[in-house]
>>> print(open('entry20.tsv').read())   # TSV, C-alpha atoms
chain	number	residue	atom	x	y	z
J	1	MET	CA	-22.69	10.59	-30.60
J	2	HIS	CA	-21.19	9.27	-27.35
J	3	ALA	CA	-21.62	5.51	-27.13
J	4	GLY	CA	-23.56	5.92	-23.90
J	5	PHE	CA	-26.67	7.22	-25.64
J	6	ALA	CA	-29.31	4.91	-27.06
J	7	ARG	CA	-30.55	5.63	-30.56
J	8	LEU	CA	-34.29	5.20	-30.27
J	9	PRO	CA	-37.29	5.47	-32.58
J	10	GLU	CA	-40.09	7.95	-31.97
J	11	PRO	CA	-42.26	7.13	-28.91
J	12	PRO	CA	-44.25	5.32	-27.77
J	13	TYR	CA	-42.00	2.56	-26.48
J	14	TYR	CA	-41.19	1.10	-23.06
J	15	ALA	CA	-38.44	1.75	-20.52
J	16	VAL	CA	-37.17	-0.54	-17.76
J	17	ILE	CA	-35.50	1.68	-15.17
J	18	PHE	CA	-33.16	-0.33	-12.94
J	19	SER	CA	-31.43	1.52	-10.11
J	20	SER	CA	-29.04	-0.40	-7.90
J	21	LEU	CA	-26.42	-0.14	-5.21
J	22	ARG	CA	-23.51	-2.53	-5.62
J	23	ASN	CA	-22.26	-4.23	-2.48
J	24	GLY	CA	-18.68	-4.07	-3.73
J	25	ASP	CA	-18.22	-7.85	-3.90
J	26	ASP	CA	-16.96	-9.81	-6.92
J	27	GLU	CA	-16.18	-6.84	-9.17
J	28	ALA	CA	-14.75	-8.99	-11.98
J	29	GLY	CA	-17.68	-11.38	-11.99
J	30	TYR	CA	-20.18	-8.55	-11.86
J	31	ALA	CA	-18.53	-6.57	-14.67
J	32	ALA	CA	-18.35	-9.62	-16.95
J	33	ALA	CA	-22.00	-10.45	-16.30
J	34	ALA	CA	-23.14	-6.85	-16.84
J	35	ASP	CA	-21.37	-6.74	-20.20
J	36	ARG	CA	-22.80	-10.12	-21.16
J	37	MET	CA	-26.35	-9.11	-20.23
J	38	LEU	CA	-26.18	-5.92	-22.33
J	39	GLU	CA	-24.77	-7.95	-25.23
J	40	LEU	CA	-27.46	-10.62	-24.89
J	41	ALA	CA	-30.28	-8.08	-24.46
J	42	ALA	CA	-29.24	-6.42	-27.72
J	43	THR	CA	-30.02	-9.64	-29.61
J	44	GLN	CA	-33.57	-9.97	-28.25
J	45	PRO	CA	-36.69	-9.21	-30.30
J	46	GLY	CA	-38.05	-5.78	-29.49
J	47	TYR	CA	-34.85	-4.49	-27.88
J	48	LEU	CA	-34.35	-0.83	-28.79
J	49	GLY	CA	-31.32	0.24	-26.76
J	50	ALA	CA	-29.98	0.89	-23.28
J	51	GLU	CA	-28.17	3.54	-21.28
J	52	SER	CA	-26.21	2.77	-18.14
J	53	THR	CA	-23.96	4.52	-15.68
J	54	ARG	CA	-22.63	4.04	-12.16
J	55	GLY	CA	-20.94	6.54	-9.87
J	56	SER	CA	-17.92	5.97	-7.67
J	57	ASP	CA	-20.25	5.44	-4.67
J	58	GLY	CA	-21.60	2.24	-6.27
J	59	PHE	CA	-25.04	3.67	-7.07
J	60	GLY	CA	-26.03	3.04	-10.69
J	61	ILE	CA	-28.91	3.46	-13.09
J	62	THR	CA	-29.51	1.36	-16.21
J	63	VAL	CA	-32.45	2.13	-18.49
J	64	SER	CA	-33.24	-0.38	-21.21
J	65	TYR	CA	-35.75	0.42	-23.93
J	66	TRP	CA	-38.16	-2.02	-25.56
J	67	ALA	CA	-40.77	-1.98	-28.31
J	68	SER	CA	-43.51	-3.61	-26.26
J	69	GLU	CA	-44.52	-5.11	-22.94
J	70	ALA	CA	-44.29	-8.52	-24.62
J	71	ALA	CA	-40.62	-7.93	-25.45
J	72	ILE	CA	-39.93	-7.01	-21.80
J	73	ALA	CA	-41.70	-10.15	-20.61
J	74	ALA	CA	-39.77	-12.37	-23.02
J	75	TRP	CA	-36.45	-10.90	-21.85
J	76	LYS	CA	-37.50	-11.32	-18.22
J	77	HIS	CA	-38.06	-15.03	-18.83
J	78	HIS	CA	-34.92	-15.59	-20.95
J	79	ALA	CA	-33.15	-18.48	-19.18
J	80	GLU	CA	-29.62	-17.05	-19.05
J	81	HIS	CA	-30.91	-13.64	-18.02
J	82	ALA	CA	-33.07	-15.12	-15.28
J	83	ALA	CA	-30.15	-17.14	-13.90
J	84	THR	CA	-27.84	-14.10	-13.89
J	85	ARG	CA	-30.53	-11.93	-12.33
J	86	ASN	CA	-31.06	-14.41	-9.51
J	87	HIS	CA	-27.32	-14.57	-8.90
J	88	GLY	CA	-27.12	-10.77	-8.86
J	89	ARG	CA	-29.91	-10.42	-6.34
J	90	LYS	CA	-28.11	-12.72	-3.96
J	91	PHE	CA	-24.50	-11.70	-4.41
J	92	TRP	CA	-23.99	-8.31	-6.11
J	93	TYR	CA	-26.56	-5.80	-4.94
J	94	GLU	CA	-27.12	-4.18	-1.59
J	95	HIS	CA	-30.44	-2.87	-2.86
J	96	PHE	CA	-32.22	-2.31	-6.17
J	97	GLU	CA	-35.43	-0.86	-7.57
J	98	LEU	CA	-37.02	-1.68	-10.90
J	99	ARG	CA	-39.69	0.39	-12.62
J	100	VAL	CA	-41.40	-0.32	-15.92
J	101	ALA	CA	-42.71	2.71	-17.78
J	102	LYS	CA	-44.24	3.67	-21.10
J	103	VAL	CA	-42.32	6.50	-22.79
J	104	GLU	CA	-44.79	8.97	-24.21
J	105	ARG	CA	-42.53	11.73	-25.56
J	106	ALA	CA	-38.85	12.39	-26.01
J	107	TYR	CA	-36.46	15.02	-27.26
J	108	GLY	CA	-32.74	15.71	-27.23
J	109	LYS	CA	-30.00	18.16	-27.96
J	110	PRO	CA	-28.16	17.11	-31.11
J	111	THR	CA	-24.48	16.48	-30.80
J	112	LYS	CA	-22.41	19.30	-32.24
J	113	GLY	CA	-20.38	18.87	-35.41
T	1	MET	CA	-31.69	2.73	2.56
T	2	HIS	CA	-28.89	4.42	0.57
T	3	ALA	CA	-29.72	8.09	-0.01
T	4	GLY	CA	-29.54	7.52	-3.76
T	5	PHE	CA	-32.86	5.68	-3.88
T	6	ALA	CA	-36.16	7.52	-4.20
T	7	ARG	CA	-38.96	6.47	-1.85
T	8	LEU	CA	-41.97	6.35	-4.12
T	9	PRO	CA	-45.67	5.55	-3.75
T	10	GLU	CA	-47.30	2.71	-5.65
T	11	PRO	CA	-47.60	3.30	-9.43
T	12	PRO	CA	-48.94	4.87	-11.53
T	13	TYR	CA	-46.77	7.97	-11.54
T	14	TYR	CA	-44.51	9.69	-14.06
T	15	ALA	CA	-40.77	9.57	-14.72
T	16	VAL	CA	-38.59	12.13	-16.46
T	17	ILE	CA	-35.48	10.30	-17.67
T	18	PHE	CA	-32.64	12.72	-18.41
T	19	SER	CA	-29.42	11.28	-19.79
T	20	SER	CA	-26.55	13.63	-20.48
T	21	LEU	CA	-22.89	13.89	-21.34
T	22	ARG	CA	-21.04	16.68	-19.55
T	23	ASN	CA	-18.58	18.68	-21.63
T	24	GLY	CA	-16.23	19.00	-18.66
T	25	ASP	CA	-16.48	22.79	-18.44
T	26	ASP	CA	-17.34	24.78	-15.29
T	27	GLU	CA	-17.46	21.88	-12.84
T	28	ALA	CA	-18.07	24.09	-9.80
T	29	GLY	CA	-20.89	26.02	-11.48
T	30	TYR	CA	-22.49	22.85	-12.78
T	31	ALA	CA	-22.31	21.03	-9.43
T	32	ALA	CA	-23.83	23.96	-7.55
T	33	ALA	CA	-26.65	24.27	-10.06
T	34	ALA	CA	-27.35	20.52	-10.06
T	35	ASP	CA	-27.65	20.53	-6.27
T	36	ARG	CA	-29.85	23.62	-6.37
T	37	MET	CA	-32.16	22.12	-9.00
T	38	LEU	CA	-32.66	18.91	-6.99
T	39	GLU	CA	-33.34	20.99	-3.87
T	40	LEU	CA	-35.79	23.24	-5.73
T	41	ALA	CA	-37.53	20.33	-7.47
T	42	ALA	CA	-38.15	18.72	-4.10
T	43	THR	CA	-40.30	21.69	-3.05
T	44	GLN	CA	-42.59	21.55	-6.11
T	45	PRO	CA	-46.16	20.24	-5.99
T	46	GLY	CA	-46.34	16.67	-7.26
T	47	TYR	CA	-42.62	15.95	-6.86
T	48	LEU	CA	-42.14	12.36	-5.66
T	49	GLY	CA	-38.39	11.84	-5.71
T	50	ALA	CA	-35.31	11.55	-7.90
T	51	GLU	CA	-32.35	9.28	-8.52
T	52	SER	CA	-29.16	10.48	-10.17
T	53	THR	CA	-25.71	9.19	-10.98
T	54	ARG	CA	-22.79	10.03	-13.27
T	55	GLY	CA	-19.81	7.92	-14.21
T	56	SER	CA	-16.21	9.03	-14.50
T	57	ASP	CA	-16.63	9.33	-18.28
T	58	GLY	CA	-19.08	12.22	-17.79
T	59	PHE	CA	-22.16	10.26	-18.87
T	60	GLY	CA	-24.99	10.58	-16.36
T	61	ILE	CA	-28.62	9.62	-15.84
T	62	THR	CA	-31.09	11.47	-13.63
T	63	VAL	CA	-34.64	10.18	-13.22
T	64	SER	CA	-37.13	12.42	-11.45
T	65	TYR	CA	-40.55	11.13	-10.45
T	66	TRP	CA	-43.79	13.12	-10.48
T	67	ALA	CA	-47.41	12.55	-9.54
T	68	SER	CA	-48.86	13.85	-12.80
T	69	GLU	CA	-48.14	15.31	-16.22
T	70	ALA	CA	-49.38	18.64	-14.82
T	71	ALA	CA	-46.67	18.57	-12.14
T	72	ILE	CA	-44.00	17.93	-14.81
T	73	ALA	CA	-45.32	20.81	-16.91
T	74	ALA	CA	-45.34	23.18	-13.94
T	75	TRP	CA	-41.74	22.30	-13.10
T	76	LYS	CA	-40.71	22.71	-16.74
T	77	HIS	CA	-42.07	26.27	-16.68
T	78	HIS	CA	-40.66	27.21	-13.25
T	79	ALA	CA	-38.68	30.39	-13.92
T	80	GLU	CA	-35.46	29.52	-12.09
T	81	HIS	CA	-35.46	26.00	-13.48
T	82	ALA	CA	-36.03	27.26	-17.03
T	83	ALA	CA	-33.16	29.75	-16.73
T	84	THR	CA	-30.78	27.10	-15.37
T	85	ARG	CA	-31.87	24.63	-18.03
T	86	ASN	CA	-31.17	27.11	-20.80
T	87	HIS	CA	-27.76	27.86	-19.33
T	88	GLY	CA	-27.00	24.15	-19.09
T	89	ARG	CA	-27.93	23.47	-22.70
T	90	LYS	CA	-25.51	26.13	-23.85
T	91	PHE	CA	-22.58	25.63	-21.50
T	92	TRP	CA	-22.55	22.29	-19.65
T	93	TYR	CA	-23.71	19.46	-21.91
T	94	GLU	CA	-22.16	17.95	-24.97
T	95	HIS	CA	-25.39	16.08	-25.58
T	96	PHE	CA	-28.55	15.12	-23.72
T	97	GLU	CA	-31.75	13.15	-24.18
T	98	LEU	CA	-34.98	13.56	-22.23
T	99	ARG	CA	-37.81	11.05	-22.13
T	100	VAL	CA	-41.09	11.35	-20.27
T	101	ALA	CA	-42.72	8.08	-19.26
T	102	LYS	CA	-45.62	6.77	-17.23
T	103	VAL	CA	-44.50	4.20	-14.66
T	104	GLU	CA	-46.95	1.33	-14.66
T	105	ARG	CA	-45.37	-1.10	-12.19
T	106	ALA	CA	-42.43	-1.25	-9.82
T	107	TYR	CA	-40.70	-3.54	-7.38
T	108	GLY	CA	-37.49	-3.67	-5.39
T	109	LYS	CA	-35.24	-5.71	-3.21
T	110	PRO	CA	-35.52	-4.53	0.39
T	111	THR	CA	-32.37	-3.36	2.05
T	112	LYS	CA	-31.02	-5.92	4.48
T	113	GLY	CA	-31.06	-5.34	8.17
>>> encode(input="entry20.tsv", output="structure tokens")
Amino acid sequence: MHAGFARLPEPPYYAVIFSSLRNGDDEAGYAAAADRMLELAATQPGYLGAESTRGSDGFGITVSYWASEAAIAAWKHHAEHAATRNHGRKFWYEHFELRVAKVERAYGKPTKG
Amino acid sequence: MHAGFARLPEPPYYAVIFSSLRNGDDEAGYAAAADRMLELAATQPGYLGAESTRGSDGFGITVSYWASEAAIAAWKHHAEHAATRNHGRKFWYEHFELRVAKVERAYGKPTKG
């Protein structure tokens, strides 16, 4: 399976849907921080997976998946994450929207072969 | 605000999170159908908005937002949508995952200026 897909358990679980428009500044710093945040998130209790993509226009969507609301809250308050998030709000994004949702059902098309 | 962002009411509402990997075939046919589906979705009862992006590796995420489960079900069974969806499963996607979620809270960073 393509590395972009998250391997998730059966629902229910939670999704944090983060859509953002990059301002184009500090590409190296942004890219390093984005990689670091995905790496750090993956070590948190209740983390299930994430999917992320960004088009050439700078508009991107990242969906991270979590076992519980408590896991989302703990990640929100993680010190390094909070510091990076505050930096990002000031310096990297023209605009963003964040939505927290409970996934109730899911299905997919299996990869061939 | 960048056209990529959906303008949504206050939660609760529903999200359909569709992540997919294009197989690279039939780019013109796929692009025309994707535009048509977003245009058609926007005319359906209960449609609230959508956000969509795809990276250069062919991995994409589209999130459409709906007022109710009933609105999602009606769109799922819309004849033209169903026909296009079946075509897409056979000819356009290497793999996809679809998750239906209830958005419980949301916030954003206002666009400057």
>>> residues_around(input="entry20.tsv", residues="range 18-23 of chain T", least_positions_apart="5", cutoff="12 Å", atoms="only C-alpha atoms", output="PyMOL selection string")
(chain J and resi 1-6+17+50-53+61-63+106-112) or (chain T and resi 30-31+50-65+85+88-101)
>>> atom_distance(input="entry20.tsv", atom1="CA of Val103 in chain T", atom2="CA of Ala70 in chain T")
15.2 Å
>>> calpha_fit_and_write(input="entry20.tsv", fixed="chain J", moving="chain T", output="PDB file with C-alpha atoms, in the frame of the given file")
ATOM      1  CA  MET T   1     -22.706  10.610 -30.596  1.00  0.00           C
ATOM      2  CA  HIS T   2     -21.179   9.273 -27.350  1.00  0.00           C
ATOM      3  CA  ALA T   3     -21.629   5.499 -27.142  1.00  0.00           C
ATOM      4  CA  GLY T   4     -23.560   5.925 -23.900  1.00  0.00           C
ATOM      5  CA  PHE T   5     -26.666   7.240 -25.645  1.00  0.00           C
ATOM      6  CA  ALA T   6     -29.310   4.914 -27.051  1.00  0.00           C
ATOM      7  CA  ARG T   7     -30.550   5.634 -30.573  1.00  0.00           C
ATOM      8  CA  LEU T   8     -34.285   5.203 -30.261  1.00  0.00           C
ATOM      9  CA  PRO T   9     -37.291   5.455 -32.578  1.00  0.00           C
ATOM     10  CA  GLU T  10     -40.086   7.934 -31.962  1.00  0.00           C
ATOM     11  CA  PRO T  11     -42.259   7.141 -28.900  1.00  0.00           C
ATOM     12  CA  PRO T  12     -44.258   5.298 -27.769  1.00  0.00           C
ATOM     13  CA  TYR T  13     -41.990   2.561 -26.471  1.00  0.00           C
ATOM     14  CA  TYR T  14     -41.190   1.091 -23.063  1.00  0.00           C
ATOM     15  CA  ALA T  15     -38.443   1.741 -20.520  1.00  0.00           C
ATOM     16  CA  VAL T  16     -37.169  -0.537 -17.778  1.00  0.00           C
ATOM     17  CA  ILE T  17     -35.495   1.683 -15.179  1.00  0.00           C
ATOM     18  CA  PHE T  18     -33.160  -0.314 -12.937  1.00  0.00           C
ATOM     19  CA  SER T  19     -31.427   1.531 -10.119  1.00  0.00           C
ATOM     20  CA  SER T  20     -29.050  -0.390  -7.906  1.00  0.00           C
ATOM     21  CA  LEU T  21     -26.419  -0.137  -5.220  1.00  0.00           C
ATOM     22  CA  ARG T  22     -23.507  -2.537  -5.628  1.00  0.00           C
ATOM     23  CA  ASN T  23     -22.264  -4.235  -2.473  1.00  0.00           C
ATOM     24  CA  GLY T  24     -18.677  -4.070  -3.720  1.00  0.00           C
ATOM     25  CA  ASP T  25     -18.201  -7.841  -3.875  1.00  0.00           C
ATOM     26  CA  ASP T  26     -16.943  -9.798  -6.909  1.00  0.00           C
ATOM     27  CA  GLU T  27     -16.174  -6.845  -9.171  1.00  0.00           C
ATOM     28  CA  ALA T  28     -14.733  -8.987 -11.970  1.00  0.00           C
ATOM     29  CA  GLY T  29     -17.688 -11.389 -11.966  1.00  0.00           C
ATOM     30  CA  TYR T  30     -20.188  -8.554 -11.856  1.00  0.00           C
ATOM     31  CA  ALA T  31     -18.528  -6.583 -14.672  1.00  0.00           C
ATOM     32  CA  ALA T  32     -18.355  -9.623 -16.943  1.00  0.00           C
ATOM     33  CA  ALA T  33     -21.994 -10.461 -16.308  1.00  0.00           C
ATOM     34  CA  ALA T  34     -23.139  -6.862 -16.843  1.00  0.00           C
ATOM     35  CA  ASP T  35     -21.371  -6.752 -20.207  1.00  0.00           C
ATOM     36  CA  ARG T  36     -22.795 -10.138 -21.159  1.00  0.00           C
ATOM     37  CA  MET T  37     -26.344  -9.117 -20.230  1.00  0.00           C
ATOM     38  CA  LEU T  38     -26.172  -5.933 -22.335  1.00  0.00           C
ATOM     39  CA  GLU T  39     -24.767  -7.954 -25.244  1.00  0.00           C
ATOM     40  CA  LEU T  40     -27.461 -10.624 -24.878  1.00  0.00           C
ATOM     41  CA  ALA T  41     -30.273  -8.086 -24.459  1.00  0.00           C
ATOM     42  CA  ALA T  42     -29.237  -6.442 -27.708  1.00  0.00           C
ATOM     43  CA  THR T  43     -30.025  -9.652 -29.611  1.00  0.00           C
ATOM     44  CA  GLN T  44     -33.583  -9.990 -28.249  1.00  0.00           C
ATOM     45  CA  PRO T  45     -36.690  -9.226 -30.307  1.00  0.00           C
ATOM     46  CA  GLY T  46     -38.051  -5.782 -29.484  1.00  0.00           C
ATOM     47  CA  TYR T  47     -34.846  -4.496 -27.873  1.00  0.00           C
ATOM     48  CA  LEU T  48     -34.345  -0.826 -28.788  1.00  0.00           C
ATOM     49  CA  GLY T  49     -31.325   0.247 -26.773  1.00  0.00           C
ATOM     50  CA  ALA T  50     -29.967   0.900 -23.295  1.00  0.00           C
ATOM     51  CA  GLU T  51     -28.171   3.558 -21.294  1.00  0.00           C
ATOM     52  CA  SER T  52     -26.211   2.779 -18.149  1.00  0.00           C
ATOM     53  CA  THR T  53     -23.960   4.535 -15.685  1.00  0.00           C
ATOM     54  CA  ARG T  54     -22.620   4.043 -12.158  1.00  0.00           C
ATOM     55  CA  GLY T  55     -20.953   6.532  -9.869  1.00  0.00           C
ATOM     56  CA  SER T  56     -17.941   5.963  -7.660  1.00  0.00           C
ATOM     57  CA  ASP T  57     -20.258   5.439  -4.674  1.00  0.00           C
ATOM     58  CA  GLY T  58     -21.605   2.238  -6.267  1.00  0.00           C
ATOM     59  CA  PHE T  59     -25.040   3.666  -7.078  1.00  0.00           C
ATOM     60  CA  GLY T  60     -26.015   3.035 -10.692  1.00  0.00           C
ATOM     61  CA  ILE T  61     -28.907   3.462 -13.105  1.00  0.00           C
ATOM     62  CA  THR T  62     -29.512   1.361 -16.208  1.00  0.00           C
ATOM     63  CA  VAL T  63     -32.445   2.122 -18.500  1.00  0.00           C
ATOM     64  CA  SER T  64     -33.242  -0.387 -21.224  1.00  0.00           C
ATOM     65  CA  TYR T  65     -35.754   0.419 -23.946  1.00  0.00           C
ATOM     66  CA  TRP T  66     -38.171  -2.034 -25.558  1.00  0.00           C
ATOM     67  CA  ALA T  67     -40.773  -1.972 -28.304  1.00  0.00           C
ATOM     68  CA  SER T  68     -43.521  -3.615 -26.263  1.00  0.00           C
ATOM     69  CA  GLU T  69     -44.522  -5.099 -22.924  1.00  0.00           C
ATOM     70  CA  ALA T  70     -44.312  -8.513 -24.624  1.00  0.00           C
ATOM     71  CA  ALA T  71     -40.638  -7.921 -25.450  1.00  0.00           C
ATOM     72  CA  ILE T  72     -39.930  -7.005 -21.800  1.00  0.00           C
ATOM     73  CA  ALA T  73     -41.715 -10.139 -20.602  1.00  0.00           C
ATOM     74  CA  ALA T  74     -39.796 -12.353 -23.021  1.00  0.00           C
ATOM     75  CA  TRP T  75     -36.482 -10.908 -21.853  1.00  0.00           C
ATOM     76  CA  LYS T  76     -37.499 -11.318 -18.210  1.00  0.00           C
ATOM     77  CA  HIS T  77     -38.067 -15.035 -18.830  1.00  0.00           C
ATOM     78  CA  HIS T  78     -34.926 -15.603 -20.939  1.00  0.00           C
ATOM     79  CA  ALA T  79     -33.156 -18.477 -19.180  1.00  0.00           C
ATOM     80  CA  GLU T  80     -29.629 -17.055 -19.052  1.00  0.00           C
ATOM     81  CA  HIS T  81     -30.896 -13.639 -18.030  1.00  0.00           C
ATOM     82  CA  ALA T  82     -33.071 -15.123 -15.276  1.00  0.00           C
ATOM     83  CA  ALA T  83     -30.147 -17.140 -13.895  1.00  0.00           C
ATOM     84  CA  THR T  84     -27.837 -14.107 -13.893  1.00  0.00           C
ATOM     85  CA  ARG T  85     -30.531 -11.946 -12.331  1.00  0.00           C
ATOM     86  CA  ASN T  86     -31.050 -14.411  -9.509  1.00  0.00           C
ATOM     87  CA  HIS T  87     -27.314 -14.577  -8.905  1.00  0.00           C
ATOM     88  CA  GLY T  88     -27.109 -10.789  -8.864  1.00  0.00           C
ATOM     89  CA  ARG T  89     -29.907 -10.413  -6.336  1.00  0.00           C
ATOM     90  CA  LYS T  90     -28.104 -12.728  -3.961  1.00  0.00           C
ATOM     91  CA  PHE T  91     -24.487 -11.693  -4.410  1.00  0.00           C
ATOM     92  CA  TRP T  92     -23.978  -8.309  -6.104  1.00  0.00           C
ATOM     93  CA  TYR T  93     -26.571  -5.786  -4.933  1.00  0.00           C
ATOM     94  CA  GLU T  94     -27.134  -4.196  -1.586  1.00  0.00           C
ATOM     95  CA  HIS T  95     -30.430  -2.859  -2.870  1.00  0.00           C
ATOM     96  CA  PHE T  96     -32.218  -2.303  -6.166  1.00  0.00           C
ATOM     97  CA  GLU T  97     -35.424  -0.857  -7.566  1.00  0.00           C
ATOM     98  CA  LEU T  98     -37.017  -1.660 -10.916  1.00  0.00           C
ATOM     99  CA  ARG T  99     -39.698   0.399 -12.615  1.00  0.00           C
ATOM    100  CA  VAL T 100     -41.396  -0.307 -15.920  1.00  0.00           C
ATOM    101  CA  ALA T 101     -42.707   2.722 -17.784  1.00  0.00           C
ATOM    102  CA  LYS T 102     -44.240   3.670 -21.100  1.00  0.00           C
ATOM    103  CA  VAL T 103     -42.324   6.489 -22.789  1.00  0.00           C
ATOM    104  CA  GLU T 104     -44.795   8.957 -24.217  1.00  0.00           C
ATOM    105  CA  ARG T 105     -42.529  11.701 -25.570  1.00  0.00           C
ATOM    106  CA  ALA T 106     -38.840  12.393 -26.016  1.00  0.00           C
ATOM    107  CA  TYR T 107     -36.443  15.020 -27.258  1.00  0.00           C
ATOM    108  CA  GLY T 108     -32.729  15.716 -27.238  1.00  0.00           C
ATOM    109  CA  LYS T 109     -29.999  18.163 -27.973  1.00  0.00           C
ATOM    110  CA  PRO T 110     -28.140  17.113 -31.114  1.00  0.00           C
ATOM    111  CA  THR T 111     -24.457  16.501 -30.791  1.00  0.00           C
ATOM    112  CA  LYS T 112     -22.422  19.338 -32.238  1.00  0.00           C
ATOM    113  CA  GLY T 113     -20.405  18.920 -35.354  1.00  0.00           C
TER     114      GLY T 113
END
>>> atom_distance(input="entry20.tsv", atom1="CA of Thr43 in chain J", atom2="CA of Val16 in chain T")
26.8 Å
>>> atom_distance(input="entry20.tsv", atom1="CA of Glu27 in chain J", atom2="CA of Ala15 in chain J")
26.4 Å
>>> residues_around(input="entry20.tsv", residues="Ala74 in chain J", least_positions_apart="3", cutoff="10 Å", atoms="all atoms listed in the file", output="VMD selection string")
chain J and resid 44 to 46 69 to 71 77 to 79
>>> closest_residue(input="entry20.tsv", among="J:Glu80, J:Asp26, J:Glu39, J:Glu10", to="chain T", atoms="only C-alpha atoms")
J:Glu10
